[in-house]
Amino acid sequence: MAKKKPSLNIPDAPYRPGDEASFETWPWQPGDLEMPDPKKCSSEDTVPHAVGLVRVLGEDNKASGEWNPELDADELRQGLEHMVRLRIFDDRMMKMQRTGKLSFYMRSFGEECVAIAQTMALETQDWIFPTYRQPGAQFVRGRDMVSMICHCIGNVEDNIKGRQMPVHYSYRDGRFISVSSPVGTQFSQAVGVAMASQYKGLDEVTITWIGDGASAEGDYHYALNFASVYKAPVILNVVNNQWAISTHANFATGEGEFASRGLPYGLASIRVDGNDFLALYSVTKWARKRAAAGVGATHIEVLTYRAGAHSSSDDPSRYRPSDEHTKWPGGDPVERLRDHLIEIGEWSEERHTELEERIDKEVMSAYKEAVSHGDLATGPYPSSDTIFTEVYQEMPWHLEEQFNEMKEESDG
Amino acid sequence: MVNMNMIQSLNNALDIMLENDDEVIVFGEDIGYFGGVFRTTDGLQAKHGEHRVFDSPLSEGGILSAAFGMGLNGLRPVVEIQFADYIFPAYDQIVNELAKIRHRSGGEYWSPVTVRTPAGGGIRGGHHHSQSPESQFTHTPGLKVVYCSTPYNAKGLLISAVESNDPVIFFEPKRCYRGPFYGDPHNVPTWEGHPEAEVPEAHYTVPLGEARLAMEGDECTVISWGTMVHVCEQAIKDIGVSCDLIDLQTLVPWDREAVVKSIEKTGRCVIVHEAPKTSGFGAEMAASIQERCFYHLESPIERVTGWDTPFPHTTEWDYMPGPSRIAAAIHRTQVG
Ligand SMILES: Cc1ncc(C[n+]2csc(CCOP(=O)(O)OP(=O)(O)O)c2C)c(N)n1
Ligand SMILES: [Mg+2]
């Protein structure tokens with residue numbers, strides 16, 4: 001056989017360092033898409049939503065269209081406050097990491113809206129099955145910031161006892177399920193959580209997220225299949241923030257799209273502007289109604305951009321233009337909600353600055369209190385006993401033996 | 001000879017294999033344009049082309065099944081699993097497929113895949129960036145299992161692995177990428193000036209199945225692999241007992257002859273690994289050693305291992321075997 005020229009198709013990112021990023025402006029406008037009845041519509045009825053983009057906030061900072069959730073100003077200000085809180089919190093944690101007070105950190109920069117708008121659209125009994133990119137949900141569920149920082153440090157007050165890396169929160173009181181590092185696993189597990197609620201006949205919905213990158217894992221496909229087969233009350237979000245570390249989203253799709261992948265599974269499928277607080281809130285509310293009515297799951301592509309580095313170990317200037325995030329057509333989620341509130345006369349530059357100053361103080365004082373329980377450089381850390389506890393409900397003999405060995409070793 | 005750290009020597013091995021053999025193809029998560037999260041494939045895509053060194057979707061099962069198929073059809077894939085902890089989505093493809101294809105097809109088919117993966121603790125990686133799952137593969141017939149420990153053996157072993165027509169799981173001790181680790185987290189030496197970091201630039205191999213005698217002595221045989229080899233070296237120096245330190249390098253098939261010869265001389269043995277004790281590869285070695293060396297043994301075989309618990313984050317130094325635990329075990333073999 002004649003040897004042909006090598007011809008593997010290797011996708012590339014649209015822009016690499018040195019390129020001028022210039023994304024096409026979106027063809028979709030607020031008001032383009034109707035809102036079908038969540039309790040009645042079929043997955044085919046959502047085809048326009050899967051290939052289009054649900055938006056509410058326009059370039060003029062006004063809200064319009066059927067998807068406008070008509071939130072009152074207090075709710076909008078609440079959402080803004082949580083997003084500002086998350087951003088300032090993240091910046092403080094990153095500084096801690098840089099000064100050796102945390103081993104590692106991951107920010108939600110540029111996608112603060114995702115967990116916050118979506119959690120606000122749920123009921124308090126609903127389950128949250130997050131990745132490391134949705135810690136913001138905890139603010140909505142009322143978690144104490146000091147306890148979050150103590151977890152990140154892994155000090156004596158860490159509720160998970162220094163066992164996992166920073167940002168791997170677990171917060172049972174808020175029905176926020178423990179974050180696991182292996183990407184994707186939560187997505188199909190969430191379907192099981194939802195199936196249990198359904199089995200028990202409870203009015204509970206489960207929400208979960210997966211990254212664009214991680215959607216290439218088998219778990220993503222398990223989730224869509226199981227959710228569709230059992231009509232589980234689950235909200236399945238693919239957070240398409242364009243990047244999986246250095247790998248562009250087009251490696252997960254072969255340059256296709258995410259939202260419409262739910263359609264052949266028979267799932268209602270919607271793409272939404274992930275930096276538009278109102279659109280995201282509204283789509284999530286819609287999916288909750290559908291799930292709670294027993295019609296089944298919704299598959300949502302949350303279109304956004306990972307504005308920061310993947311993590312404190314990452315240097316994105318090696319693989320994308322440093323200013324790429326400033327060119328993102330969806331803009332910045334915090335600024336967009338702020339500008340909308342100003343536009344409707346419910347906010348001002350001054351109030352925003354005041355808010356930032358207040359949150360800054362709140363974060364600083366939480367930080368000071370948290371490090372008073374020990375920081376990574378100096379401790380105190382959780383006792384080494386915590387290595388052995390909760391491996392099993394009760395400690396079997398072989399662990400007890402090793403536990404004693406460790407104790408003798410540290411005494412001797 | 002050039003002084004290289006382990007990242008550079010692995011990169012150099014891949015570079016040579018890509019140069020020498022058109023059928024070698026390198027892929028994995030973030031390894032193409034970016035050059036890998038640990039920089040091991042840095043520059044290789046630019047040099048050898050996108051169709052030889054490329055990124056993959058974030059899918060370990062996908063990576064292994066694609067590699068399996070490519071290997072079946074005449075290529076020699078070298079894939080990276082970003083962390084050994086993330087190899088498990090590919091476990092079925094490795095254990096049930098890759099390991100068994102030669103046997104199940106009556107020798108008609110095989111797939112010479114090399115799976116490189118950074119493993120082990122000491123980087124504050126918590127549960128899922130620290131595990132050392134070698135025994136989950138040594139227990140699978142059909143796989144060769146390698147664990148390098150120095151820049152020199154990393155390169156020579158990787159070249160042997162790629163040239164092998166059997167599938168190889170190749171563990172890289174990530175704590176030792178940029179320097180050896182002697183068990184003190186505050187002491188961070190580089191490979192600069194280390195004799196095992198003097199690496200020939202040309203092609204060479206360290207044969208699979210052969211152990212390395214890292215230290216020579218006659219009172220005890222200490223056996224280890226990966227990061228723990230260096231921790232053992234420290235322990236031996238600390239306690240001042242004359243020991244053979246055997247760096248196993250290949251776990252399957254392991255160098256039984258070298259081990260037996262040493263224990264016949266010393267009559268005492270300590271096996272050290274950072275993976276948990278139960279069903280760890282140390283258990284296999286201890287069993288084989290007593291079969292072969294029972295009448296030479298002067299004291300019970302000691303095992304120093306990670307505890308039978310998940311790998312912790314903040315308390316990792318209480319988990320990983322350190323020089324003092326190893327020294328205490330060496331001491332016990334002497335009084336026994
Ligand atoms: C199974 C598994 N493989 C690899 C990794 C290493 N890793 C951590 S995050 C990440 C990229 C994830 O990208 P994406 O899913 O898009 O989420 P994002 O970080 O953008 O939120 C990778 C490869 C992992 N944690 N788990
Ligand atoms: Mg992503």
# chains A, B, ... in the order shown; residues from 1 in each chain; ligands from 1
>>> residues_near_ligand(ligand="ligand 2", cutoff="10 Å", atoms="only C-alpha atoms and all ligand atoms", output="PyMOL selection string")
chain A and resi 133+210-215+238-249+252+304-306+310
>>> residues_around(residues="A:Ala268", least_positions_apart="3", cutoff="12 Å", atoms="only C-alpha atoms", output="mmCIF file with N, CA and C atoms, in the first residue's frame")
data_model
loop_
_atom_site.group_PDB
_atom_site.id
_atom_site.type_symbol
_atom_site.label_atom_id
_atom_site.label_comp_id
_atom_site.auth_asym_id
_atom_site.auth_seq_id
_atom_site.Cartn_x
_atom_site.Cartn_y
_atom_site.Cartn_z
ATOM 1 N N PRO A 36 -40.354 27.773 26.335
ATOM 2 C CA PRO A 36 -41.378 26.732 26.257
ATOM 3 C C PRO A 36 -41.844 26.334 27.656
ATOM 4 N N ASP A 37 -42.950 25.651 27.734
ATOM 5 C CA ASP A 37 -43.463 25.220 29.039
ATOM 6 C C ASP A 37 -42.578 24.080 29.571
ATOM 7 N N PRO A 38 -41.886 24.319 30.687
ATOM 8 C CA PRO A 38 -40.930 23.307 31.161
ATOM 9 C C PRO A 38 -41.598 21.984 31.509
ATOM 10 N N LYS A 39 -42.880 22.036 31.883
ATOM 11 C CA LYS A 39 -43.549 20.810 32.326
ATOM 12 C C LYS A 39 -44.138 20.032 31.150
ATOM 13 N N LYS A 40 -44.186 20.650 29.997
ATOM 14 C CA LYS A 40 -44.864 19.996 28.879
ATOM 15 C C LYS A 40 -43.971 19.765 27.674
ATOM 16 N N CYS A 41 -42.980 20.614 27.496
ATOM 17 C CA CYS A 41 -42.280 20.572 26.213
ATOM 18 C C CYS A 41 -41.442 19.307 26.069
ATOM 19 N N SER A 42 -41.197 18.940 24.823
ATOM 20 C CA SER A 42 -40.351 17.778 24.553
ATOM 21 C C SER A 42 -38.922 18.248 24.306
ATOM 22 N N SER A 43 -37.999 17.299 24.248
ATOM 23 C CA SER A 43 -36.615 17.718 23.992
ATOM 24 C C SER A 43 -36.504 18.386 22.622
ATOM 25 N N GLU A 44 -37.300 17.936 21.643
ATOM 26 C CA GLU A 44 -37.237 18.573 20.306
ATOM 27 C C GLU A 44 -37.621 20.052 20.357
ATOM 28 N N ASP A 45 -38.534 20.361 21.280
ATOM 29 C CA ASP A 45 -38.935 21.771 21.400
ATOM 30 C C ASP A 45 -37.778 22.667 21.835
ATOM 31 N N THR A 46 -36.709 22.033 22.344
ATOM 32 C CA THR A 46 -35.580 22.855 22.809
ATOM 33 C C THR A 46 -34.449 22.935 21.771
ATOM 34 N N VAL A 47 -34.671 22.416 20.592
ATOM 35 C CA VAL A 47 -33.622 22.481 19.565
ATOM 36 C C VAL A 47 -33.133 23.926 19.362
ATOM 37 N N PRO A 48 -34.045 24.897 19.228
ATOM 38 C CA PRO A 48 -33.548 26.279 19.041
ATOM 39 C C PRO A 48 -32.704 26.763 20.221
ATOM 40 N N HIS A 49 -33.030 26.272 21.413
ATOM 41 C CA HIS A 49 -32.289 26.713 22.601
ATOM 42 C C HIS A 49 -30.922 26.039 22.683
ATOM 43 N N ALA A 50 -30.849 24.835 22.118
ATOM 44 C CA ALA A 50 -29.583 24.102 22.146
ATOM 45 C C ALA A 50 -28.596 24.689 21.137
ATOM 46 N N VAL A 51 -29.103 25.151 20.025
ATOM 47 C CA VAL A 51 -28.188 25.690 19.009
ATOM 48 C C VAL A 51 -28.100 27.216 19.076
ATOM 49 N N LEU A 224 -25.837 11.363 31.072
ATOM 50 C CA LEU A 224 -26.911 11.695 30.135
ATOM 51 C C LEU A 224 -27.806 10.485 29.896
ATOM 52 N N ALA A 227 -29.791 9.670 33.213
ATOM 53 C CA ALA A 227 -30.779 10.723 33.484
ATOM 54 C C ALA A 227 -31.957 10.574 32.541
ATOM 55 N N SER A 228 -31.656 10.237 31.303
ATOM 56 C CA SER A 228 -32.712 10.111 30.317
ATOM 57 C C SER A 228 -33.549 8.852 30.561
ATOM 58 N N LYS A 231 -35.522 9.385 33.892
ATOM 59 C CA LYS A 231 -36.129 10.706 34.069
ATOM 60 C C LYS A 231 -35.800 11.286 35.449
ATOM 61 N N VAL A 234 -32.645 15.968 37.754
ATOM 62 C CA VAL A 234 -31.270 16.456 37.847
ATOM 63 C C VAL A 234 -31.052 17.552 36.805
ATOM 64 N N ILE A 235 -30.189 18.483 37.140
ATOM 65 C CA ILE A 235 -29.826 19.555 36.211
ATOM 66 C C ILE A 235 -28.354 19.364 35.866
ATOM 67 N N LEU A 236 -28.090 19.049 34.612
ATOM 68 C CA LEU A 236 -26.748 18.665 34.162
ATOM 69 C C LEU A 236 -26.123 19.819 33.391
ATOM 70 N N ASN A 237 -25.124 20.452 33.996
ATOM 71 C CA ASN A 237 -24.500 21.616 33.361
ATOM 72 C C ASN A 237 -23.106 21.306 32.844
ATOM 73 N N ALA A 259 -24.216 21.943 23.965
ATOM 74 C CA ALA A 259 -25.608 21.861 24.416
ATOM 75 C C ALA A 259 -26.382 20.805 23.641
ATOM 76 N N SER A 260 -26.222 20.813 22.337
ATOM 77 C CA SER A 260 -27.056 19.947 21.503
ATOM 78 C C SER A 260 -26.756 18.462 21.675
ATOM 79 N N ARG A 261 -25.672 18.161 22.393
ATOM 80 C CA ARG A 261 -25.379 16.749 22.654
ATOM 81 C C ARG A 261 -26.429 16.082 23.544
ATOM 82 N N GLY A 262 -27.200 16.883 24.250
ATOM 83 C CA GLY A 262 -28.247 16.291 25.093
ATOM 84 C C GLY A 262 -29.437 15.819 24.290
ATOM 85 N N LEU A 263 -29.625 16.398 23.101
ATOM 86 C CA LEU A 263 -30.843 16.114 22.319
ATOM 87 C C LEU A 263 -31.003 14.649 21.939
ATOM 88 N N PRO A 264 -29.981 14.027 21.369
ATOM 89 C CA PRO A 264 -30.163 12.606 21.018
ATOM 90 C C PRO A 264 -30.386 11.694 22.225
ATOM 91 N N TYR A 265 -30.087 12.181 23.413
ATOM 92 C CA TYR A 265 -30.419 11.416 24.617
ATOM 93 C C TYR A 265 -31.865 11.683 25.052
ATOM 94 N N ARG A 271 -28.494 26.186 25.676
ATOM 95 C CA ARG A 271 -27.222 26.894 25.865
ATOM 96 C C ARG A 271 -27.545 28.273 26.428
ATOM 97 N N VAL A 283 -32.811 30.100 33.328
ATOM 98 C CA VAL A 283 -32.704 28.764 32.725
ATOM 99 C C VAL A 283 -32.687 27.691 33.825
ATOM 100 N N TRP A 286 -36.086 27.225 35.278
ATOM 101 C CA TRP A 286 -36.872 26.472 34.294
ATOM 102 C C TRP A 286 -36.573 24.973 34.422
ATOM 103 N N ALA A 287 -35.280 24.670 34.508
ATOM 104 C CA ALA A 287 -34.872 23.260 34.605
ATOM 105 C C ALA A 287 -35.345 22.660 35.919
ATOM 106 N N ARG A 288 -35.371 23.480 36.969
ATOM 107 C CA ARG A 288 -35.845 22.955 38.247
ATOM 108 C C ARG A 288 -37.334 22.602 38.176
ATOM 109 N N ARG A 290 -38.991 21.747 35.586
ATOM 110 C CA ARG A 290 -39.126 20.539 34.761
ATOM 111 C C ARG A 290 -38.764 19.283 35.567
ATOM 112 N N ALA A 291 -37.660 19.368 36.289
ATOM 113 C CA ALA A 291 -37.214 18.217 37.086
ATOM 114 C C ALA A 291 -38.249 17.889 38.155
ATOM 115 N N VAL A 295 -40.729 15.474 34.698
ATOM 116 C CA VAL A 295 -40.568 15.348 33.238
ATOM 117 C C VAL A 295 -39.144 14.906 32.883
ATOM 118 N N GLY A 296 -38.198 15.225 33.770
ATOM 119 C CA GLY A 296 -36.846 14.750 33.532
ATOM 120 C C GLY A 296 -35.789 15.830 33.614
ATOM 121 N N ALA A 297 -34.624 15.437 33.195
ATOM 122 C CA ALA A 297 -33.430 16.273 33.350
ATOM 123 C C ALA A 297 -33.329 17.314 32.246
ATOM 124 N N THR A 298 -32.562 18.357 32.535
ATOM 125 C CA THR A 298 -32.196 19.331 31.511
ATOM 126 C C THR A 298 -30.676 19.352 31.397
ATOM 127 N N HIS A 299 -30.240 19.410 30.158
ATOM 128 C CA HIS A 299 -28.814 19.473 29.848
ATOM 129 C C HIS A 299 -28.513 20.902 29.433
ATOM 130 N N ILE A 300 -27.624 21.548 30.177
ATOM 131 C CA ILE A 300 -27.378 22.974 29.946
ATOM 132 C C ILE A 300 -25.907 23.198 29.618
ATOM 133 N N GLU A 301 -25.654 23.932 28.556
ATOM 134 C CA GLU A 301 -24.286 24.396 28.308
ATOM 135 C C GLU A 301 -24.179 25.821 28.826
#
>>> interface_residues(of="chain B", to="chain A", cutoff="7 Å", atoms="only C-alpha atoms", output="list in words")
Asp30, Phe34, Glu50, His51, Ser56, Pro57, Leu58, Ser59, Tyr86, Arg124, Gly125, Gly126, His127, His128, Trp307, Asp308, Thr309, Pro312, His313, Thr314, Thr315 and Asp318 of chain B
>>> closest_atom_pairs(of="stretch 9-77 of chain B", to="stretch 190-210 of chain B", cutoff="12 Å", atoms="only C-alpha atoms", output="Markdown table")
| residue | atom | partner | partner_atom | distance |
| --- | --- | --- | --- | --- |
| B:Ser9 | CA | B:Val199 | CA | 7.3 |
| B:Leu10 | CA | B:Val199 | CA | 10.7 |
| B:Asn11 | CA | B:Glu201 | CA | 11.2 |
| B:Asn12 | CA | B:Glu201 | CA | 7.6 |
| B:Ala13 | CA | B:His203 | CA | 7.5 |
| B:Leu14 | CA | B:His203 | CA | 10.3 |
| B:Asp15 | CA | B:His203 | CA | 10.0 |
| B:Ile16 | CA | B:His203 | CA | 6.7 |
| B:Met17 | CA | B:His203 | CA | 8.5 |
| B:Leu18 | CA | B:His203 | CA | 11.6 |
| B:Glu19 | CA | B:His203 | CA | 10.6 |
| B:Asn20 | CA | B:His203 | CA | 9.4 |
>>> write_last_selection(atoms="N, CA and C atoms", output="tab-separated table (two decimals), in the first residue's frame")
chain	number	residue	atom	x	y	z
B	9	SER	N	15.76	14.25	31.21
B	9	SER	CA	16.22	12.96	30.69
B	9	SER	C	15.05	12.19	30.06
B	10	LEU	N	13.87	12.36	30.64
B	10	LEU	CA	12.69	11.70	30.04
B	10	LEU	C	12.37	12.35	28.69
B	11	ASN	N	12.46	13.66	28.66
B	11	ASN	CA	12.22	14.40	27.43
B	11	ASN	C	13.22	13.96	26.35
B	12	ASN	N	14.45	13.81	26.76
B	12	ASN	CA	15.51	13.39	25.86
B	12	ASN	C	15.24	11.97	25.32
B	13	ALA	N	14.76	11.08	26.19
B	13	ALA	CA	14.44	9.71	25.75
B	13	ALA	C	13.33	9.74	24.70
B	14	LEU	N	12.30	10.54	24.95
B	14	LEU	CA	11.19	10.62	23.99
B	14	LEU	C	11.66	11.22	22.68
B	15	ASP	N	12.49	12.24	22.78
B	15	ASP	CA	13.04	12.90	21.60
B	15	ASP	C	13.78	11.87	20.74
B	16	ILE	N	14.63	11.07	21.36
B	16	ILE	CA	15.41	10.06	20.64
B	16	ILE	C	14.48	9.03	19.99
B	17	MET	N	13.49	8.59	20.72
B	17	MET	CA	12.61	7.56	20.17
B	17	MET	C	11.76	8.10	19.02
B	18	LEU	N	11.36	9.38	19.13
B	18	LEU	CA	10.60	9.99	18.03
B	18	LEU	C	11.48	10.13	16.79
B	19	GLU	N	12.73	10.44	17.03
B	19	GLU	CA	13.70	10.60	15.95
B	19	GLU	C	13.97	9.27	15.25
B	20	ASN	N	14.15	8.23	16.08
B	20	ASN	CA	14.59	6.93	15.55
B	20	ASN	C	13.50	6.13	14.88
>>> atom_distance(atom1="atom 4 (C, counted along the ligand's line) of ligand 1", atom2="atom CA of A:Ala190")
19.4 Å
>>> atom_distance(atom1="atom CA of B:Gly36", atom2="atom CA of B:Ile7")
10.5 Å
>>> closest_atom_pairs(of="chain B", to="ligand 1", cutoff="10 Å", atoms="only C-alpha atoms and all ligand atoms", output="JSON lines")
{"residue": "B:Gly28", "atom": "CA", "partner": "ligand 1", "partner_atom_place_in_ligand_line": "23 (C)", "distance": 9.7}
{"residue": "B:Glu29", "atom": "CA", "partner": "ligand 1", "partner_atom_place_in_ligand_line": "23 (C)", "distance": 6.2}
{"residue": "B:Asp30", "atom": "CA", "partner": "ligand 1", "partner_atom_place_in_ligand_line": "23 (C)", "distance": 7.4}
{"residue": "B:Val37", "atom": "CA", "partner": "ligand 1", "partner_atom_place_in_ligand_line": "23 (C)", "distance": 9.0}
{"residue": "B:Pro57", "atom": "CA", "partner": "ligand 1", "partner_atom_place_in_ligand_line": "23 (C)", "distance": 8.9}
{"residue": "B:Leu58", "atom": "CA", "partner": "ligand 1", "partner_atom_place_in_ligand_line": "23 (C)", "distance": 5.9}
{"residue": "B:Ser59", "atom": "CA", "partner": "ligand 1", "partner_atom_place_in_ligand_line": "3 (N)", "distance": 6.9}
{"residue": "B:Glu60", "atom": "CA", "partner": "ligand 1", "partner_atom_place_in_ligand_line": "3 (N)", "distance": 6.8}
{"residue": "B:Gly61", "atom": "CA", "partner": "ligand 1", "partner_atom_place_in_ligand_line": "1 (C)", "distance": 9.3}
{"residue": "B:Ile81", "atom": "CA", "partner": "ligand 1", "partner_atom_place_in_ligand_line": "4 (C)", "distance": 7.6}
{"residue": "B:Gln82", "atom": "CA", "partner": "ligand 1", "partner_atom_place_in_ligand_line": "4 (C)", "distance": 6.0}
{"residue": "B:Phe83", "atom": "CA", "partner": "ligand 1", "partner_atom_place_in_ligand_line": "4 (C)", "distance": 6.9}
{"residue": "B:Ala84", "atom": "CA", "partner": "ligand 1", "partner_atom_place_in_ligand_line": "3 (N)", "distance": 9.3}
{"residue": "B:Asp85", "atom": "CA", "partner": "ligand 1", "partner_atom_place_in_ligand_line": "1 (C)", "distance": 7.8}
{"residue": "B:Tyr86", "atom": "CA", "partner": "ligand 1", "partner_atom_place_in_ligand_line": "1 (C)", "distance": 4.6}
{"residue": "B:Ile87", "atom": "CA", "partner": "ligand 1", "partner_atom_place_in_ligand_line": "1 (C)", "distance": 7.4}
{"residue": "B:Phe88", "atom": "CA", "partner": "ligand 1", "partner_atom_place_in_ligand_line": "1 (C)", "distance": 7.8}
{"residue": "B:Pro89", "atom": "CA", "partner": "ligand 1", "partner_atom_place_in_ligand_line": "1 (C)", "distance": 6.8}
{"residue": "B:Ala90", "atom": "CA", "partner": "ligand 1", "partner_atom_place_in_ligand_line": "1 (C)", "distance": 9.3}
{"residue": "B:His128", "atom": "CA", "partner": "ligand 1", "partner_atom_place_in_ligand_line": "25 (N)", "distance": 7.9}
{"residue": "B:His129", "atom": "CA", "partner": "ligand 1", "partner_atom_place_in_ligand_line": "25 (N)", "distance": 8.5}
>>> write_last_selection(atoms="C-alpha atoms", output="CSV table (one decimal), in the first residue's frame")
chain,number,residue,atom,x,y,z
B,28,GLY,CA,-2.0,12.7,26.3
B,29,GLU,CA,-3.7,15.6,28.2
B,30,ASP,CA,-1.9,18.9,27.8
B,37,VAL,CA,1.9,20.0,33.2
B,57,PRO,CA,-9.3,15.0,25.0
B,58,LEU,CA,-9.5,14.8,28.8
B,59,SER,CA,-10.4,11.1,28.8
B,60,GLU,CA,-8.0,8.5,30.2
B,61,GLY,CA,-10.2,5.6,29.0
B,81,ILE,CA,-1.6,9.9,32.2
B,82,GLN,CA,-1.3,13.2,33.9
B,83,PHE,CA,-1.2,11.7,37.4
B,84,ALA,CA,-1.2,8.0,38.3
B,85,ASP,CA,-4.2,8.7,40.4
B,86,TYR,CA,-6.1,9.4,37.2
B,87,ILE,CA,-5.2,6.1,35.5
B,88,PHE,CA,-8.3,4.4,36.9
B,89,PRO,CA,-10.8,5.6,34.2
B,90,ALA,CA,-8.4,3.6,31.9
B,128,HIS,CA,-5.6,12.3,44.4
B,129,HIS,CA,-2.2,13.6,43.4
>>> select_by_dssp(residues="stretch 178-302 of chain B", states="helix (DSSP H, G or I)", output="VMD selection string")
chain B and resid 195 to 197 228 to 239 256 to 266 281 to 296
>>> atom_distance(atom1="atom CA of B:Gly240", atom2="atom CA of B:Pro276")
27.1 Å
>>> select_by_dssp(residues="stretch 152-386 of chain A", states="strand (DSSP E)", output="PyMOL selection string")
chain A and resi 206-211+234-240+243-244+247-248+268-273+298-303
>>> residues_around(residues="B:Cys269", least_positions_apart="4", cutoff="7 Å", atoms="only C-alpha atoms", output="JSON, numbers by chain")
{"B": [220, 221, 222, 263, 301, 302]}
>>> write_last_selection(atoms="N, CA, C and O atoms", output="PDB file, in the first residue's frame")
ATOM      1  N   CYS B 220      22.807  -5.934  55.688  1.00  0.00           N
ATOM      2  CA  CYS B 220      21.353  -5.943  55.457  1.00  0.00           C
ATOM      3  C   CYS B 220      21.084  -5.612  53.990  1.00  0.00           C
ATOM      4  O   CYS B 220      21.857  -4.872  53.367  1.00  0.00           O
ATOM      5  N   THR B 221      19.997  -6.165  53.444  1.00  0.00           N
ATOM      6  CA  THR B 221      19.580  -5.839  52.085  1.00  0.00           C
ATOM      7  C   THR B 221      18.335  -4.959  52.172  1.00  0.00           C
ATOM      8  O   THR B 221      17.328  -5.367  52.748  1.00  0.00           O
ATOM      9  N   VAL B 222      18.441  -3.765  51.639  1.00  0.00           N
ATOM     10  CA  VAL B 222      17.281  -2.869  51.615  1.00  0.00           C
ATOM     11  C   VAL B 222      16.810  -2.783  50.167  1.00  0.00           C
ATOM     12  O   VAL B 222      17.606  -2.498  49.270  1.00  0.00           O
ATOM     13  N   ILE B 263      20.669 -11.240  49.554  1.00  0.00           N
ATOM     14  CA  ILE B 263      20.200 -11.743  50.849  1.00  0.00           C
ATOM     15  C   ILE B 263      21.011 -12.956  51.301  1.00  0.00           C
ATOM     16  O   ILE B 263      21.241 -13.152  52.495  1.00  0.00           O
ATOM     17  N   ILE B 301      11.757 -10.724  57.667  1.00  0.00           N
ATOM     18  CA  ILE B 301      11.783  -9.681  56.643  1.00  0.00           C
ATOM     19  C   ILE B 301      10.922  -8.524  57.138  1.00  0.00           C
ATOM     20  O   ILE B 301       9.804  -8.725  57.599  1.00  0.00           O
ATOM     21  N   GLU B 302      11.435  -7.317  57.048  1.00  0.00           N
ATOM     22  CA  GLU B 302      10.695  -6.128  57.492  1.00  0.00           C
ATOM     23  C   GLU B 302      10.093  -5.407  56.285  1.00  0.00           C
ATOM     24  O   GLU B 302      10.719  -5.336  55.224  1.00  0.00           O
TER      25      GLU B 302
END
>>> residues_around(residues="B:Val241", least_positions_apart="6", cutoff="9 Å", atoms="only C-alpha atoms", output="list in words")
Gly217, Asp218, Glu219, Cys220, Ala327, Ile330, His331 and Gln334 of chain B
>>> closest_residue(among="A:Met35, A:Ala366, A:Leu80, A:Leu102", to="A:Asn68", atoms="only C-alpha atoms")
A:Met35
>>> decode(residues="stretch 160-167 of chain B", atoms="N, CA, C and O atoms", output="PDB file, in the first residue's frame")
ATOM      1  N   SER B 160      13.927   1.500  26.876  1.00  0.00           N
ATOM      2  CA  SER B 160      13.632   0.057  26.870  1.00  0.00           C
ATOM      3  C   SER B 160      12.136  -0.197  26.823  1.00  0.00           C
ATOM      4  O   SER B 160      11.665  -1.106  26.139  1.00  0.00           O
ATOM      5  N   ALA B 161      11.389   0.599  27.581  1.00  0.00           N
ATOM      6  CA  ALA B 161       9.933   0.409  27.626  1.00  0.00           C
ATOM      7  C   ALA B 161       9.324   0.650  26.256  1.00  0.00           C
ATOM      8  O   ALA B 161       8.486  -0.122  25.772  1.00  0.00           O
ATOM      9  N   VAL B 162       9.749   1.725  25.601  1.00  0.00           N
ATOM     10  CA  VAL B 162       9.180   2.046  24.291  1.00  0.00           C
ATOM     11  C   VAL B 162       9.579   0.975  23.274  1.00  0.00           C
ATOM     12  O   VAL B 162       8.778   0.590  22.415  1.00  0.00           O
ATOM     13  N   GLU B 163      10.776   0.471  23.395  1.00  0.00           N
ATOM     14  CA  GLU B 163      11.234  -0.550  22.444  1.00  0.00           C
ATOM     15  C   GLU B 163      10.633  -1.926  22.728  1.00  0.00           C
ATOM     16  O   GLU B 163      10.653  -2.808  21.858  1.00  0.00           O
ATOM     17  N   SER B 164      10.093  -2.098  23.917  1.00  0.00           N
ATOM     18  CA  SER B 164       9.505  -3.399  24.261  1.00  0.00           C
ATOM     19  C   SER B 164       8.222  -3.628  23.471  1.00  0.00           C
ATOM     20  O   SER B 164       7.413  -2.704  23.290  1.00  0.00           O
ATOM     21  N   ASN B 165       8.023  -4.846  23.034  1.00  0.00           N
ATOM     22  CA  ASN B 165       6.787  -5.158  22.316  1.00  0.00           C
ATOM     23  C   ASN B 165       5.644  -5.524  23.253  1.00  0.00           C
ATOM     24  O   ASN B 165       4.539  -5.823  22.810  1.00  0.00           O
ATOM     25  N   ASP B 166       5.931  -5.515  24.555  1.00  0.00           N
ATOM     26  CA  ASP B 166       4.870  -5.715  25.539  1.00  0.00           C
ATOM     27  C   ASP B 166       4.434  -4.365  26.081  1.00  0.00           C
ATOM     28  O   ASP B 166       5.223  -3.426  26.105  1.00  0.00           O
ATOM     29  N   PRO B 167       3.214  -4.269  26.545  1.00  0.00           N
ATOM     30  CA  PRO B 167       2.786  -3.014  27.171  1.00  0.00           C
ATOM     31  C   PRO B 167       3.525  -2.791  28.488  1.00  0.00           C
ATOM     32  O   PRO B 167       3.758  -3.734  29.245  1.00  0.00           O
TER      33      PRO B 167
END
